[in-house]
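**Q** Have a look at this one.
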Amino acid sequence: MTDLGCTIAGVESINPFWLASAPPTDKKYNVERAFKAGWGGAVWKTLGEDPPVVNVTSRYGVHRSFDRSIIGINNIELISDRPLDVNLREIEEMRREWPDRVIIGSIMAPLDEDAWKSLAIRVANAGVQGIELNLGCPHGMCERGMGSAVGQVPEFVEKTTRWVREAVNLPVFTKLTPNVTDIMIPAGAAKSGGAHAVSLINTVNSVIGVDLDNMVPTPTVDGRGTHGGYCGEAVKPIALHMTAEIARHAETQGLEISAIGGITTWRDAAEFIALGAGAVQVCTAAMLFGFRIVEDMNDGLSAFMAEKGYKSIEDFKGAATTRTVDWNALNMNHDLKARIDDDACIECGRCFIACEDTSHQAIRIDAKDDGGRKFTVIDDECVGCNLCMHVCPVKDCITMEPVDTDRPYVTWPEDPRNPLREAAE
């Protein structure tokens with residue numbers, strides 16, 4: 001039997017799947033539907049002091065793949081536009097009615113100690129199990145000195161975190177913006193301020209597209225557009241990288257991680273957990289497919305754990321962290337060559353085109369007796385880049401096989417080909 005329960009920053013959850021602070025967690029009606037579907041927790045849509053903000057229409061733009069599936073959403077929606085008292089009353093009701101589920105209160109305030117503390121206290125008194133500090137919103141609120149305008153300044157990150165830690169006796173999750181050059185800097189500031197955990201990533205600042213008929217960015221508000229926050233499947237690699245950086249470096253050890261960014265399936269969640277996350281938050285996938293996707297997430301993660309022999313989340317949490325290293329620590333002697341399975345090959349030629357036009361001209365085409373084509377890898381030219389394997393439409397038709405496996409592990413600082421090696425010695 002597998003146990004999907006997890007604990008992050010002292011908060012116990014029946015499973016690692018929480019809804020992120022966003023439109024899906026805007027009110028009791030939504031959150032209750034989510035809990036009925038099986039979500040372990042929800043981070044309530046970010047709250048601010050009254051009067052509430054005013055949102056605009058329209059609010060969403062999308063980035064589509066060639067087959068028109070949505071791989072990313074850009075939004076220009078602000079924090080909750082509902083009265084604070086209404087939100088707090090609904091949070092209290094949900095805590096009473098769903099005692100086994102997690103509700104984290106997300107808050108945002110101007111850079112003022114009293115404002116952060118008073119808001120944190122009011123939200124804490126509603127019964128939430130933790131407070132998340134929204135320091136990441138890259139549109140609308142940042143123009144008012146909040147959101148990412150705070151999250152991009154380490155001193156401000158440390159201050160706001162410390163203020164809230166002083167005000168409430170609850171776990172504090174500092175939500176980080178990805179719109180920085182080095183995520184370790186704000187993460188370190190959050191730790192210095194006393195954060196129990198960091199939530200990341202918030203949305204990526206972006207312009208999603210341009211309406212070429214009307215020459216205006218989308219989404220469009222009465223003939224004009226603006227930058228917004230980008231989320232969805234396309235931001236997952238960015239979120240994985242930033243999660244791994246915080247998890248693997250000594251200066252941020254002890255910070256727990258609530259991972260966000262492009263999580264659509266159980267496999268996505270497992271990847272974040274393997275890189276050190278204690279739980280995950282989901283938004284875009286729920287908006288695109290509905291709350292019941294959590295059923296597949298729970299079932300899939302449970303089946304994966306059973307197959308691998310993991311009895312709990314802790315059994316594989318951070319398992320990939322120690323194998324995530326700086327580029328210079330990679331093995332310069334590791335050598336791979338592409339291998340093409342002739343029986344599986346459908347002779348489409350995509351591997352040849354990709355290699356011939358954009359890589360190393362390492363695939364040769366020969367005519368077959370039956371009039372077909374045979375694709376052969378030229379080992380002397382193949383550098384093992386994997387591009388042919390990735391563009392091949394047939395699973396496992398092209399594989400990458402190691403050669404010269406008896407060569408020693410040599411990092412770039414040790415490699416004789418490194419022109420700086422002798423100088424360093």
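Every chain in the structure tokens has a letter given in the order shown (A, B, ...), and although residue numbers restart at 1 in each chain, ligands are simply numbered from 1 in the order shown.
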For Ser80 (chain A), list every protein, DNA or RNA residue within 8 Å, evaluated using only C-alpha atoms, and leave out those in the same chain fewer than 3 positions away; present the list as a ChimeraX atom specification.
**A** /A:26,45-48,52-53
**Q** Just C-alpha atoms for this one: save the residues we selected as a PDB file, in the first residue's frame.
**A**
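Okay, this is what ended up in result.pdb:
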ATOM      1  CA  ASP A  26     -11.468  32.548  -5.466  1.00  0.00           C
ATOM      2  CA  LYS A  45      -6.789  33.478  -4.010  1.00  0.00           C
ATOM      3  CA  THR A  46      -4.563  36.297  -2.782  1.00  0.00           C
ATOM      4  CA  LEU A  47      -6.221  38.615  -0.289  1.00  0.00           C
ATOM      5  CA  GLY A  48      -5.574  42.295   0.284  1.00  0.00           C
ATOM      6  CA  PRO A  52     -10.811  45.356  -3.077  1.00  0.00           C
ATOM      7  CA  VAL A  53      -9.074  45.751  -6.414  1.00  0.00           C
TER       8      VAL A  53
END
**Q** Show me a table, sorted first by chain and then by increasing residue number, of the residues of region 121-163 of chain A having an atom at most 7 Å from region 178-193 of chain A, each with its shortest atom pair and the distance in Å to one decimal, counting only C-alpha atoms and written as a tab-separated table.
**A**
residue	atom	partner	partner_atom	distance
A:Gln152	CA	A:Val180	CA	6.4
A:Pro154	CA	A:Pro186	CA	5.1
A:Glu155	CA	A:Ala189	CA	6.9
A:Val157	CA	A:Ala190	CA	5.9
A:Glu158	CA	A:Gly193	CA	4.4
A:Lys159	CA	A:Gly193	CA	6.4
A:Thr161	CA	A:Gly193	CA	5.1
A:Arg162	CA	A:Gly193	CA	4.5
**Q** Go ahead and write the residues just picked, N, CA and C atoms, as a PDB file, in the first residue's frame.
**A**
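The result, written out as part17.pdb:
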ATOM      1  N   GLN A 152      11.409  41.070  -6.204  1.00  0.00           N
ATOM      2  CA  GLN A 152      12.666  41.218  -6.943  1.00  0.00           C
ATOM      3  C   GLN A 152      13.752  41.919  -6.135  1.00  0.00           C
ATOM      4  N   PRO A 154      15.796  41.589  -2.702  1.00  0.00           N
ATOM      5  CA  PRO A 154      16.041  40.685  -1.574  1.00  0.00           C
ATOM      6  C   PRO A 154      15.767  41.309  -0.212  1.00  0.00           C
ATOM      7  N   GLU A 155      16.118  42.560  -0.039  1.00  0.00           N
ATOM      8  CA  GLU A 155      15.882  43.234   1.245  1.00  0.00           C
ATOM      9  C   GLU A 155      14.391  43.265   1.566  1.00  0.00           C
ATOM     10  N   VAL A 157      12.098  41.148   0.378  1.00  0.00           N
ATOM     11  CA  VAL A 157      11.666  39.774   0.631  1.00  0.00           C
ATOM     12  C   VAL A 157      11.927  39.399   2.087  1.00  0.00           C
ATOM     13  N   GLU A 158      13.118  39.726   2.557  1.00  0.00           N
ATOM     14  CA  GLU A 158      13.474  39.407   3.937  1.00  0.00           C
ATOM     15  C   GLU A 158      12.587  40.162   4.926  1.00  0.00           C
ATOM     16  N   LYS A 159      12.351  41.442   4.648  1.00  0.00           N
ATOM     17  CA  LYS A 159      11.530  42.251   5.553  1.00  0.00           C
ATOM     18  C   LYS A 159      10.113  41.717   5.679  1.00  0.00           C
ATOM     19  N   THR A 161       8.874  38.841   4.970  1.00  0.00           N
ATOM     20  CA  THR A 161       8.837  37.524   5.597  1.00  0.00           C
ATOM     21  C   THR A 161       8.980  37.644   7.106  1.00  0.00           C
ATOM     22  N   ARG A 162       9.920  38.458   7.551  1.00  0.00           N
ATOM     23  CA  ARG A 162      10.140  38.618   8.987  1.00  0.00           C
ATOM     24  C   ARG A 162       8.928  39.267   9.657  1.00  0.00           C
TER      25      ARG A 162
END
**Q** What's the 12 Å shell around Leu135 (chain A), counting only C-alpha atoms, without same-chain residues fewer than 2 positions away, as a PyMOL selection string?
**A** chain A and resi 46+79+106-111+116+132-133+137-139+141-142+145-154+156-161+173-179+186-187+190+198-203
**Q** Dump N, CA and C atoms for the selected residues as a compact mmCIF listing (two decimals), in the first residue's frame?
**A**
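As written to disk, again11.txt reads:
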# COMPACT_ATOMS: atom_id res chain seq x y z
N THR A 46 -5.24 35.29 -3.59
CA THR A 46 -4.56 36.30 -2.78
C THR A 46 -5.50 37.39 -2.28
N ILE A 79 -5.33 40.38 -7.76
CA ILE A 79 -5.69 39.59 -6.59
C ILE A 79 -7.21 39.62 -6.40
N SER A 106 -3.27 33.22 1.15
CA SER A 106 -2.31 34.03 0.39
C SER A 106 -2.63 35.50 0.62
N ILE A 107 -1.58 36.28 0.91
CA ILE A 107 -1.81 37.71 1.19
C ILE A 107 -0.82 38.57 0.41
N MET A 108 -1.22 39.83 0.20
CA MET A 108 -0.37 40.82 -0.45
C MET A 108 -0.70 42.18 0.13
N ALA A 109 0.34 42.94 0.41
CA ALA A 109 0.15 44.27 0.98
C ALA A 109 1.24 45.20 0.46
N PRO A 110 1.05 46.51 0.62
CA PRO A 110 2.14 47.44 0.29
C PRO A 110 3.34 47.19 1.19
N LEU A 111 4.48 47.75 0.85
CA LEU A 111 5.69 47.56 1.63
C LEU A 111 5.62 48.39 2.90
N TRP A 116 1.30 44.58 6.42
CA TRP A 116 1.53 43.13 6.32
C TRP A 116 1.10 42.41 7.60
N GLU A 132 0.73 32.33 2.95
CA GLU A 132 1.63 32.45 1.79
C GLU A 132 1.73 33.92 1.43
N LEU A 133 2.96 34.41 1.27
CA LEU A 133 3.20 35.80 0.93
C LEU A 133 3.37 35.92 -0.58
N CYS A 137 3.49 38.42 -8.18
CA CYS A 137 2.59 38.84 -9.27
C CYS A 137 3.30 39.87 -10.15
N PRO A 138 3.44 39.61 -11.47
CA PRO A 138 4.25 40.48 -12.32
C PRO A 138 3.46 41.53 -13.09
N HIS A 139 2.20 41.73 -12.75
CA HIS A 139 1.40 42.69 -13.51
C HIS A 139 0.38 43.35 -12.60
N MET A 141 -0.32 44.65 -9.90
CA MET A 141 0.03 44.91 -8.51
C MET A 141 1.46 45.43 -8.38
N CYS A 142 2.36 44.95 -9.25
CA CYS A 142 3.75 45.42 -9.17
C CYS A 142 3.84 46.90 -9.55
N GLY A 145 3.65 48.89 -6.54
CA GLY A 145 4.66 48.67 -5.51
C GLY A 145 4.49 47.39 -4.73
N MET A 146 3.71 46.45 -5.26
CA MET A 146 3.48 45.18 -4.58
C MET A 146 3.89 44.03 -5.50
N GLY A 147 3.60 42.81 -5.10
CA GLY A 147 3.90 41.66 -5.95
C GLY A 147 5.37 41.54 -6.27
N SER A 148 5.69 41.40 -7.56
CA SER A 148 7.09 41.20 -7.96
C SER A 148 7.96 42.42 -7.70
N ALA A 149 7.35 43.60 -7.52
CA ALA A 149 8.14 44.78 -7.15
C ALA A 149 8.79 44.57 -5.79
N VAL A 150 8.17 43.77 -4.94
CA VAL A 150 8.76 43.39 -3.66
C VAL A 150 9.66 42.18 -3.83
N GLY A 151 9.16 41.19 -4.57
CA GLY A 151 9.87 39.92 -4.70
C GLY A 151 11.19 40.01 -5.43
N GLN A 152 11.41 41.07 -6.20
CA GLN A 152 12.67 41.22 -6.94
C GLN A 152 13.75 41.92 -6.13
N VAL A 153 13.42 42.35 -4.94
CA VAL A 153 14.38 43.06 -4.08
C VAL A 153 14.62 42.21 -2.83
N PRO A 154 15.80 41.59 -2.70
CA PRO A 154 16.04 40.68 -1.57
C PRO A 154 15.77 41.31 -0.21
N PHE A 156 13.56 43.50 0.54
CA PHE A 156 12.11 43.56 0.76
C PHE A 156 11.55 42.17 1.06
N VAL A 157 12.10 41.15 0.38
CA VAL A 157 11.67 39.77 0.63
C VAL A 157 11.93 39.40 2.09
N GLU A 158 13.12 39.73 2.56
CA GLU A 158 13.47 39.41 3.94
C GLU A 158 12.59 40.16 4.93
N LYS A 159 12.35 41.44 4.65
CA LYS A 159 11.53 42.25 5.55
C LYS A 159 10.11 41.72 5.68
N THR A 160 9.46 41.53 4.54
CA THR A 160 8.06 41.09 4.59
C THR A 160 7.93 39.73 5.25
N THR A 161 8.87 38.84 4.97
CA THR A 161 8.84 37.52 5.60
C THR A 161 8.98 37.64 7.11
N PHE A 173 4.89 30.63 4.07
CA PHE A 173 5.38 30.25 2.75
C PHE A 173 5.64 31.55 1.97
N THR A 174 6.88 31.82 1.62
CA THR A 174 7.19 33.00 0.82
C THR A 174 7.15 32.61 -0.65
N LYS A 175 6.24 33.24 -1.38
CA LYS A 175 6.06 32.89 -2.80
C LYS A 175 6.99 33.76 -3.65
N LEU A 176 7.86 33.10 -4.41
CA LEU A 176 8.92 33.78 -5.14
C LEU A 176 8.56 34.02 -6.60
N THR A 177 9.06 35.13 -7.12
CA THR A 177 8.90 35.43 -8.53
C THR A 177 10.02 34.81 -9.34
N PRO A 178 9.72 34.28 -10.53
CA PRO A 178 10.79 33.76 -11.40
C PRO A 178 11.45 34.87 -12.21
N ASN A 179 10.95 36.08 -12.09
CA ASN A 179 11.43 37.18 -12.92
C ASN A 179 12.66 37.83 -12.29
N PRO A 186 16.59 35.69 -3.88
CA PRO A 186 15.37 35.87 -3.07
C PRO A 186 15.08 34.68 -2.16
N ALA A 187 15.46 33.47 -2.58
CA ALA A 187 15.25 32.31 -1.71
C ALA A 187 16.07 32.45 -0.44
N ALA A 190 14.40 34.97 1.78
CA ALA A 190 13.24 34.40 2.47
C ALA A 190 13.68 33.57 3.67
N VAL A 198 9.26 28.00 0.78
CA VAL A 198 9.04 28.90 -0.35
C VAL A 198 8.08 28.22 -1.32
N SER A 199 7.25 29.02 -1.93
CA SER A 199 6.37 28.56 -3.01
C SER A 199 6.91 29.14 -4.30
N LEU A 200 7.07 28.31 -5.33
CA LEU A 200 7.58 28.81 -6.59
C LEU A 200 7.32 27.78 -7.69
N ILE A 201 7.10 28.33 -8.93
CA ILE A 201 7.30 29.73 -9.28
C ILE A 201 5.94 30.44 -9.41
N ASN A 202 5.98 31.75 -9.23
CA ASN A 202 4.86 32.56 -9.64
C ASN A 202 4.95 32.73 -11.16
N THR A 203 4.05 33.48 -11.74
CA THR A 203 3.99 33.55 -13.19
C THR A 203 5.15 34.34 -13.80
**Q** Using DSSP assignments from the backbone, pull out every residue in region 294-350 of chain A that falls under strand (DSSP E or B) and give it to me as a list in words.
**A** Ser312, Asp335, Leu336, Lys337, Ala338, Arg339 and Ile340 of chain A
**Q** What is the distance, in Å and to one decimal place, between CA of Asn74 (chain A) and CA of Val62 (chain A)?
**A**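 Going from CA of Asn74 (chain A) over to CA of Val62 (chain A) covers 6.0 Å.
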**Q** Have a look at CA of Phe17 (chain A) and CA of Leu4 (chain A) and let me know their distance in Å, one decimal.
**A**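 Value for the CA of Phe17 (chain A)-CA of Leu4 (chain A) distance: 9.5 Å.
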**Q** Fewer than 4 positions away in the same chain doesn't count, so skip those; otherwise give me all residues within 7 Å of Ile14 (chain A), counting only C-alpha atoms, as a PyMOL selection string.
**A** chain A and resi 4-6+40
**Q** Would you compute the distance between CA of Ile378 (chain A) and CA of Asp357 (chain A)? Give it in Å to one decimal.
**A**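 Taking CA of Ile378 (chain A) as the start and CA of Asp357 (chain A) as the end point, the length is 15.4 Å.
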**Q** Pick out the closest residue to Gly261 (chain A) from this set: A:Val403, A:Asp213, A:Ile71, A:Arg101. Count only C-alpha atoms.
**A**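 Checking each of A:Val403, A:Asp213, A:Ile71, A:Arg101 against Gly261 (chain A), counting only C-alpha atoms, the winner is A:Ile71.
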**Q** Please report as CSV every residue of region 177-265 of chain A lying within 12 Å of region 166-169 of chain A, along with the nearest atom pair and their distance in Å (one decimal), using only C-alpha atoms.
**A**
residue,atom,partner,partner_atom,distance
A:Gly193,CA,A:Glu166,CA,9.9
A:Gly194,CA,A:Glu166,CA,9.3
A:Ala195,CA,A:Glu166,CA,11.0
A:His196,CA,A:Asn169,CA,11.4
**Q** With DSSP run on the backbone, what are the helix (DSSP H, G or I) residues within region 222-255 of chain A? I'd like them as a PyMOL selection string.
**A** chain A and resi 233-248+250-252
**Q** Using only C-alpha atoms, which of A:Ala22, A:Ile363, A:Ile346, A:Gly61 sits nearest Asn134 (chain A)?
**A**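 Smallest separation from Asn134 (chain A) among the options: A:Ala22.
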